[in-house]
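K.L.:
So here's input-v1.cif, just mmCIF, C-alpha atoms and all ligand atoms:
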```
data_upload
#
loop_
_atom_site.group_PDB
_atom_site.id
_atom_site.type_symbol
_atom_site.label_atom_id
_atom_site.label_comp_id
_atom_site.auth_asym_id
_atom_site.auth_seq_id
_atom_site.Cartn_x
_atom_site.Cartn_y
_atom_site.Cartn_z
ATOM 1 C CA MET A 1 36.253 28.627 -15.407
ATOM 2 C CA SER A 2 35.897 25.570 -13.106
ATOM 3 C CA THR A 3 35.357 21.987 -14.302
ATOM 4 C CA SER A 4 31.719 21.983 -13.161
ATOM 5 C CA ASP A 5 31.056 25.224 -15.117
ATOM 6 C CA LEU A 6 32.490 23.578 -18.218
ATOM 7 C CA VAL A 7 30.378 20.467 -17.630
ATOM 8 C CA ALA A 8 27.244 22.604 -17.196
ATOM 9 C CA ILE A 9 27.859 24.639 -20.363
ATOM 10 C CA SER A 10 28.678 21.568 -22.477
ATOM 11 C CA GLY A 11 25.610 19.851 -21.001
ATOM 12 C CA PHE A 12 23.360 22.698 -22.191
ATOM 13 C CA ILE A 13 24.963 22.676 -25.639
ATOM 14 C CA ALA A 14 24.569 18.874 -25.892
ATOM 15 C CA LEU A 15 20.945 19.123 -24.691
ATOM 16 C CA PHE A 16 19.998 21.723 -27.322
ATOM 17 C CA ALA A 17 21.913 19.822 -30.021
ATOM 18 C CA MET A 18 19.960 16.651 -29.243
ATOM 19 C CA MET A 19 16.666 18.587 -29.188
ATOM 20 C CA ALA A 20 17.571 20.073 -32.591
ATOM 21 C CA VAL A 21 17.834 16.568 -34.064
ATOM 22 C CA ARG A 22 14.561 15.616 -32.356
ATOM 23 C CA VAL A 23 15.867 13.276 -29.678
ATOM 24 C CA PRO A 24 12.968 12.932 -27.198
ATOM 25 C CA ILE A 25 13.509 15.511 -24.459
ATOM 26 C CA GLY A 26 13.348 12.991 -21.586
ATOM 27 C CA ILE A 27 16.094 10.901 -23.161
ATOM 28 C CA ALA A 28 18.194 13.989 -23.947
ATOM 29 C CA MET A 29 17.904 15.186 -20.332
ATOM 30 C CA GLY A 30 18.728 11.690 -19.042
ATOM 31 C CA VAL A 31 21.853 11.430 -21.218
ATOM 32 C CA VAL A 32 23.061 14.918 -20.244
ATOM 33 C CA GLY A 33 22.270 14.372 -16.549
ATOM 34 C CA VAL A 34 24.066 11.035 -16.263
ATOM 35 C CA SER A 35 27.077 12.081 -18.369
ATOM 36 C CA GLY A 36 27.372 15.383 -16.480
ATOM 37 C CA PHE A 37 27.299 13.538 -13.141
ATOM 38 C CA ALA A 38 29.870 11.058 -14.534
ATOM 39 C CA ALA A 39 32.140 13.911 -15.685
ATOM 40 C CA ILE A 40 32.192 15.301 -12.136
ATOM 41 C CA ALA A 41 31.923 12.186 -9.906
ATOM 42 C CA GLY A 42 33.142 9.395 -12.238
ATOM 43 C CA TRP A 43 31.326 6.661 -14.197
ATOM 44 C CA GLY A 44 31.091 4.262 -11.236
ATOM 45 C CA PRO A 45 28.897 6.539 -9.075
ATOM 46 C CA ALA A 46 26.946 7.675 -12.174
ATOM 47 C CA LEU A 47 26.058 4.088 -13.145
ATOM 48 C CA ASN A 48 25.170 3.313 -9.528
ATOM 49 C CA LEU A 49 22.803 6.286 -9.518
ATOM 50 C CA LEU A 50 21.282 5.060 -12.774
ATOM 51 C CA ALA A 51 20.731 1.604 -11.295
ATOM 52 C CA GLN A 52 19.312 2.764 -7.968
ATOM 53 C CA SER A 53 17.147 5.782 -8.700
ATOM 54 C CA PRO A 54 14.409 4.015 -10.772
ATOM 55 C CA ILE A 55 14.001 1.382 -8.030
ATOM 56 C CA ARG A 56 13.993 4.026 -5.299
ATOM 57 C CA THR A 57 11.340 5.998 -7.200
ATOM 58 C CA VAL A 58 8.908 3.121 -7.831
ATOM 59 C CA THR A 59 9.292 1.728 -4.315
ATOM 60 C CA ASP A 60 8.831 5.113 -2.615
ATOM 61 C CA PHE A 61 5.849 4.684 -0.265
ATOM 62 C CA ASN A 62 4.379 8.163 -0.749
ATOM 63 C CA LEU A 63 5.043 8.376 -4.492
ATOM 64 C CA THR A 64 3.111 5.158 -5.131
ATOM 65 C CA LEU A 65 0.390 5.628 -2.520
ATOM 66 C CA ILE A 66 -0.616 9.231 -3.219
ATOM 67 C CA PRO A 67 -1.767 8.705 -6.863
ATOM 68 C CA PHE A 68 -3.935 5.761 -5.720
ATOM 69 C CA PHE A 69 -5.454 7.714 -2.852
ATOM 70 C CA ILE A 70 -6.255 10.586 -5.227
ATOM 71 C CA LEU A 71 -7.705 8.069 -7.748
ATOM 72 C CA MET A 72 -10.048 6.687 -5.062
ATOM 73 C CA GLY A 73 -11.238 10.240 -4.258
ATOM 74 C CA VAL A 74 -11.796 11.034 -7.937
ATOM 75 C CA LEU A 75 -13.726 7.762 -8.456
ATOM 76 C CA ALA A 76 -15.915 8.474 -5.426
ATOM 77 C CA TYR A 77 -16.524 12.016 -6.688
ATOM 78 C CA ALA A 78 -17.259 10.879 -10.271
ATOM 79 C CA LEU A 79 -19.810 8.339 -9.047
ATOM 80 C CA LEU A 80 -21.441 10.828 -6.688
ATOM 81 C CA LEU A 81 -22.101 13.301 -9.531
ATOM 82 C CA PRO A 82 -24.896 11.318 -11.288
ATOM 83 C CA LEU A 83 -26.464 10.677 -7.884
ATOM 84 C CA ALA A 84 -26.453 14.396 -7.057
ATOM 85 C CA LEU A 85 -27.895 15.282 -10.480
ATOM 86 C CA THR A 86 -30.763 12.802 -10.104
ATOM 87 C CA SER A 87 -31.579 13.593 -6.493
ATOM 88 C CA ASN A 88 -34.593 15.772 -7.273
ATOM 89 C CA ASN A 89 -38.289 15.082 -7.808
ATOM 90 C CA ALA A 90 -38.197 15.796 -11.566
ATOM 91 C CA ALA A 91 -35.383 13.259 -12.135
ATOM 92 C CA ILE A 92 -37.059 10.687 -9.910
ATOM 93 C CA ARG A 93 -40.280 11.099 -11.897
ATOM 94 C CA ARG A 94 -38.481 10.918 -15.281
ATOM 95 C CA MET A 95 -36.452 7.778 -14.480
ATOM 96 C CA ARG A 96 -38.474 4.673 -13.833
ATOM 97 C CA GLY A 97 -38.338 3.613 -10.170
ATOM 98 C CA ALA A 98 -36.184 0.544 -10.788
ATOM 99 C CA ASN A 99 -33.654 2.514 -12.890
ATOM 100 C CA TRP A 100 -33.407 5.241 -10.296
ATOM 101 C CA GLN A 101 -32.888 2.674 -7.583
ATOM 102 C CA ALA A 102 -30.245 0.766 -9.599
ATOM 103 C CA LEU A 103 -28.333 4.025 -10.227
ATOM 104 C CA HIS A 104 -28.543 5.118 -6.612
ATOM 105 C CA ARG A 105 -27.168 1.797 -5.403
ATOM 106 C CA LEU A 106 -23.834 3.269 -6.615
ATOM 107 C CA VAL A 107 -23.752 4.958 -3.233
ATOM 108 C CA TYR A 108 -22.516 1.679 -1.698
ATOM 109 C CA LEU A 109 -19.554 1.686 -4.096
ATOM 110 C CA VAL A 110 -18.909 5.357 -3.305
ATOM 111 C CA ALA A 111 -18.835 4.570 0.420
ATOM 112 C CA GLY A 112 -16.203 1.874 -0.259
ATOM 113 C CA PHE A 113 -14.048 4.167 -2.416
ATOM 114 C CA ALA A 114 -14.361 6.969 0.162
ATOM 115 C CA ILE A 115 -13.191 4.690 2.989
ATOM 116 C CA VAL A 116 -10.174 3.484 0.965
ATOM 117 C CA HIS A 117 -9.422 7.103 -0.032
ATOM 118 C CA PHE A 118 -9.602 8.185 3.626
ATOM 119 C CA LEU A 119 -7.567 5.170 4.824
ATOM 120 C CA TRP A 120 -4.746 5.716 2.308
ATOM 121 C CA MET A 121 -4.705 9.454 2.970
ATOM 122 C CA ARG A 122 -4.400 8.953 6.743
ATOM 123 C CA GLY A 123 -1.990 6.048 6.123
ATOM 124 C CA THR A 124 0.528 8.579 4.783
ATOM 125 C CA LYS A 125 0.218 10.372 8.152
ATOM 126 C CA ASN A 126 0.215 7.227 10.334
ATOM 127 C CA ASP A 127 -3.133 8.240 11.804
ATOM 128 C CA VAL A 128 -5.708 5.611 10.852
ATOM 129 C CA LEU A 129 -7.699 4.861 14.039
ATOM 130 C CA GLU A 130 -10.580 7.202 13.120
ATOM 131 C CA VAL A 131 -10.804 5.620 9.655
ATOM 132 C CA TRP A 132 -11.148 2.114 11.106
ATOM 133 C CA ILE A 133 -13.993 3.342 13.341
ATOM 134 C CA TYR A 134 -15.875 4.628 10.254
ATOM 135 C CA ALA A 135 -15.035 1.418 8.362
ATOM 136 C CA LEU A 136 -16.482 -0.600 11.236
ATOM 137 C CA ILE A 137 -19.674 1.510 11.299
ATOM 138 C CA LEU A 138 -20.011 1.151 7.494
ATOM 139 C CA THR A 139 -19.477 -2.618 7.716
ATOM 140 C CA ALA A 140 -22.128 -2.909 10.445
ATOM 141 C CA LEU A 141 -24.617 -0.859 8.384
ATOM 142 C CA MET A 142 -23.899 -2.925 5.255
ATOM 143 C CA ALA A 143 -24.326 -6.174 7.202
ATOM 144 C CA TRP A 144 -27.653 -4.905 8.536
ATOM 145 C CA ARG A 145 -28.729 -3.921 4.995
ATOM 146 C CA LEU A 146 -27.736 -7.305 3.527
ATOM 147 C CA TRP A 147 -29.589 -9.078 6.309
ATOM 148 C CA HIS A 148 -32.742 -7.095 5.472
ATOM 149 C CA TRP A 149 -32.357 -7.785 1.741
ATOM 150 C CA ASN A 150 -32.003 -11.494 2.425
ATOM 151 C CA ARG A 151 -35.198 -11.411 4.456
ATOM 152 C CA GLY A 152 -36.884 -9.906 1.376
ATOM 153 C CA SER A 153 -37.912 -6.706 3.130
ATOM 154 C CA SER A 154 -36.214 -4.273 0.670
ATOM 155 C CA GLY A 155 -39.460 -3.800 -1.239
ATOM 156 C CA GLY A 156 -41.204 -2.372 1.822
ATOM 157 C CA SER A 157 -41.586 1.231 2.842
ATOM 158 C CA CYS A 158 -37.814 1.847 2.670
ATOM 159 C CA SER A 159 -36.860 0.988 -0.911
ATOM 160 C CA HIS A 160 -33.317 2.411 -1.310
HETATM 161 C C1 LIG B 1 -11.871 14.820 -7.075
HETATM 162 C C2 LIG B 1 -11.974 14.049 -6.019
HETATM 163 C C3 LIG B 1 -11.144 14.131 -4.764
HETATM 164 C C4 LIG B 1 -9.864 14.561 -4.584
HETATM 165 C C5 LIG B 1 -8.867 15.071 -5.626
HETATM 166 C C6 LIG B 1 -9.577 14.461 -3.156
HETATM 167 C C7 LIG B 1 -8.375 14.807 -2.560
HETATM 168 C C8 LIG B 1 -8.137 14.778 -1.221
HETATM 169 C C9 LIG B 1 -6.913 15.224 -0.569
HETATM 170 C C10 LIG B 1 -5.715 15.826 -1.305
HETATM 171 C C11 LIG B 1 -7.041 15.015 0.755
HETATM 172 C C12 LIG B 1 -5.974 15.262 1.822
HETATM 173 C C13 LIG B 1 -6.150 16.557 2.557
HETATM 174 C C14 LIG B 1 -5.075 16.648 3.627
HETATM 175 O O1 LIG B 1 -3.917 16.274 3.383
HETATM 176 O O2 LIG B 1 -5.389 17.118 4.730
HETATM 177 C C15 LIG B 1 -8.336 14.412 0.985
HETATM 178 C C16 LIG B 1 -8.834 14.050 2.216
HETATM 179 C C17 LIG B 1 -10.054 13.467 2.405
HETATM 180 N N1 LIG B 1 -11.017 13.214 1.452
HETATM 181 FE FE1 LIG B 1 -10.834 13.544 -0.531
HETATM 182 N N2 LIG B 1 -10.677 13.977 -2.531
HETATM 183 C C18 LIG B 1 -11.662 13.764 -3.454
HETATM 184 C C19 LIG B 1 -12.935 13.284 -3.252
HETATM 185 C C20 LIG B 1 -13.415 12.869 -2.025
HETATM 186 C C21 LIG B 1 -14.742 12.300 -1.815
HETATM 187 C C22 LIG B 1 -15.785 12.136 -2.908
HETATM 188 C C23 LIG B 1 -14.834 12.007 -0.481
HETATM 189 C C24 LIG B 1 -15.991 11.431 0.306
HETATM 190 C C25 LIG B 1 -17.054 10.898 -0.214
HETATM 191 C C26 LIG B 1 -13.567 12.377 0.138
HETATM 192 C C27 LIG B 1 -13.278 12.223 1.467
HETATM 193 C C28 LIG B 1 -12.113 12.627 2.074
HETATM 194 C C29 LIG B 1 -11.828 12.491 3.493
HETATM 195 C C30 LIG B 1 -12.773 11.905 4.562
HETATM 196 C C31 LIG B 1 -10.543 13.016 3.706
HETATM 197 C C32 LIG B 1 -9.766 13.090 5.005
HETATM 198 C C33 LIG B 1 -10.002 14.373 5.748
HETATM 199 C C34 LIG B 1 -9.064 14.455 6.947
HETATM 200 O O3 LIG B 1 -9.084 13.597 7.793
HETATM 201 O O4 LIG B 1 -8.295 15.389 7.022
HETATM 202 N N3 LIG B 1 -12.733 12.893 -0.826
HETATM 203 N N4 LIG B 1 -8.976 14.280 -0.237
#
```
Can the structure in the file be given as structure tokens, please?
Ligand code: HEM

P.N.:
Amino acid sequence: MSTSDLVAISGFIALFAMMAVRVPIGIAMGVVGVSGFAAIAGWGPALNLLAQSPIRTVTDFNLTLIPFFILMGVLAYALLLPLALTSNNAAIRRMRGANWQALHRLVYLVAGFAIVHFLWMRGTKNDVLEVWIYALILTALMAWRLWHWNRGSSGGSCSH
């Protein structure tokens, strides 16, 4: 039996022993992993690994960006749901006009979340030109909308 076989078998035994005395499984796996690596490569490299891997993990571009890009998509989706559910004549009749309008103004927030979602997603692929074009169009439309609101014309025929 080679040294690494012995290390592996004792690692499993140590892991199950720690689980039996209710050591949290993450800690048990960490202890076995680091000591196993130390038994094969030495304590110096094992401690180096311990020092470097948490930093490498939290500073990894994709590992930190992807959860945020997914979060933006989920937020956009969650906010779109009430809009979809109230986009029918019965709902419009049931909600008072001002309430319906206030709720449906969420669409501006959704547009923002969607752009950030799209930008971060394409950012992971280094392909963001198309996103900036949409962002520019959205900004122009929002500027136009704000200009109209400031002129007090939002209460006219187009009341969204
Ligand atoms: C539960 C919510 C959502 C999740 C989990 C989600 C997830 C994803 C994922 C994984 C991708 C990448 C696909 C790929 O790699 O090709 C993506 C792309 C994209 N998503 Fe979402 N998304 C969500 C909601 C939304 C919403 C609500 C919008 C728009 C309002 C949106 C717009 C986009 C766009 C424009 C892209 C890029 C498409 C492309 O260029 O290939 N997503 N989304």

K.L.:
Considering all atoms listed in the file, can you say which of A:Phe61, A:Phe37, A:Phe113, A:Trp43 comes closest to ligand LIG 1 (chain B)?

P.N.:
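Among the listed residues, A:Phe113 lies closest to ligand LIG 1 (chain B).
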
K.L.:
At a cut-off of 12 Å around ligand LIG 1 (chain B), and using all atoms listed in the file, what residues come up? Please write them as a count of residues only.

P.N.:
47

K.L.:
Between atom CA of Thr139 of chain A and atom CA of Ala102 of chain A, what distance in Å does the model show, to one decimal?

P.N.:
20.7 Å

K.L.:
So what do you get for atom CA of Arg56 of chain A versus atom CA of Pro24 of chain A, distance-wise?

P.N.:
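Taking atom CA of Arg56 of chain A and atom CA of Pro24 of chain A, their separation equals 23.7 Å.
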
K.L.:
Let me have the centre and edge lengths in Å, one decimal, of the box along x, y and z around every listed atom of segment 74-92 of chain A with 5 Å of margin on each side, as AutoDock Vina command-line options.

P.N.:
```
--center_x -25.0 --center_y 11.8 --center_z -8.8 --size_x 36.5 --size_y 18.0 --size_z 16.7
```

K.L.:
Which residues match the PyMOL selection byres (((chain A and resi 11) around 10) and not hetatm) in the file above, as a ChimeraX atom specification?

P.N.:
/A:5-10,12-17,28-29,31-33,35-36

K.L.:
Would you compute the distance between atom CA of Leu146 of chain A and atom CA of Leu106 of chain A? Give it in Å to one decimal.

P.N.:
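Computing the Euclidean distance for atom CA of Leu146 of chain A and atom CA of Leu106 of chain A yields 15.2 Å.
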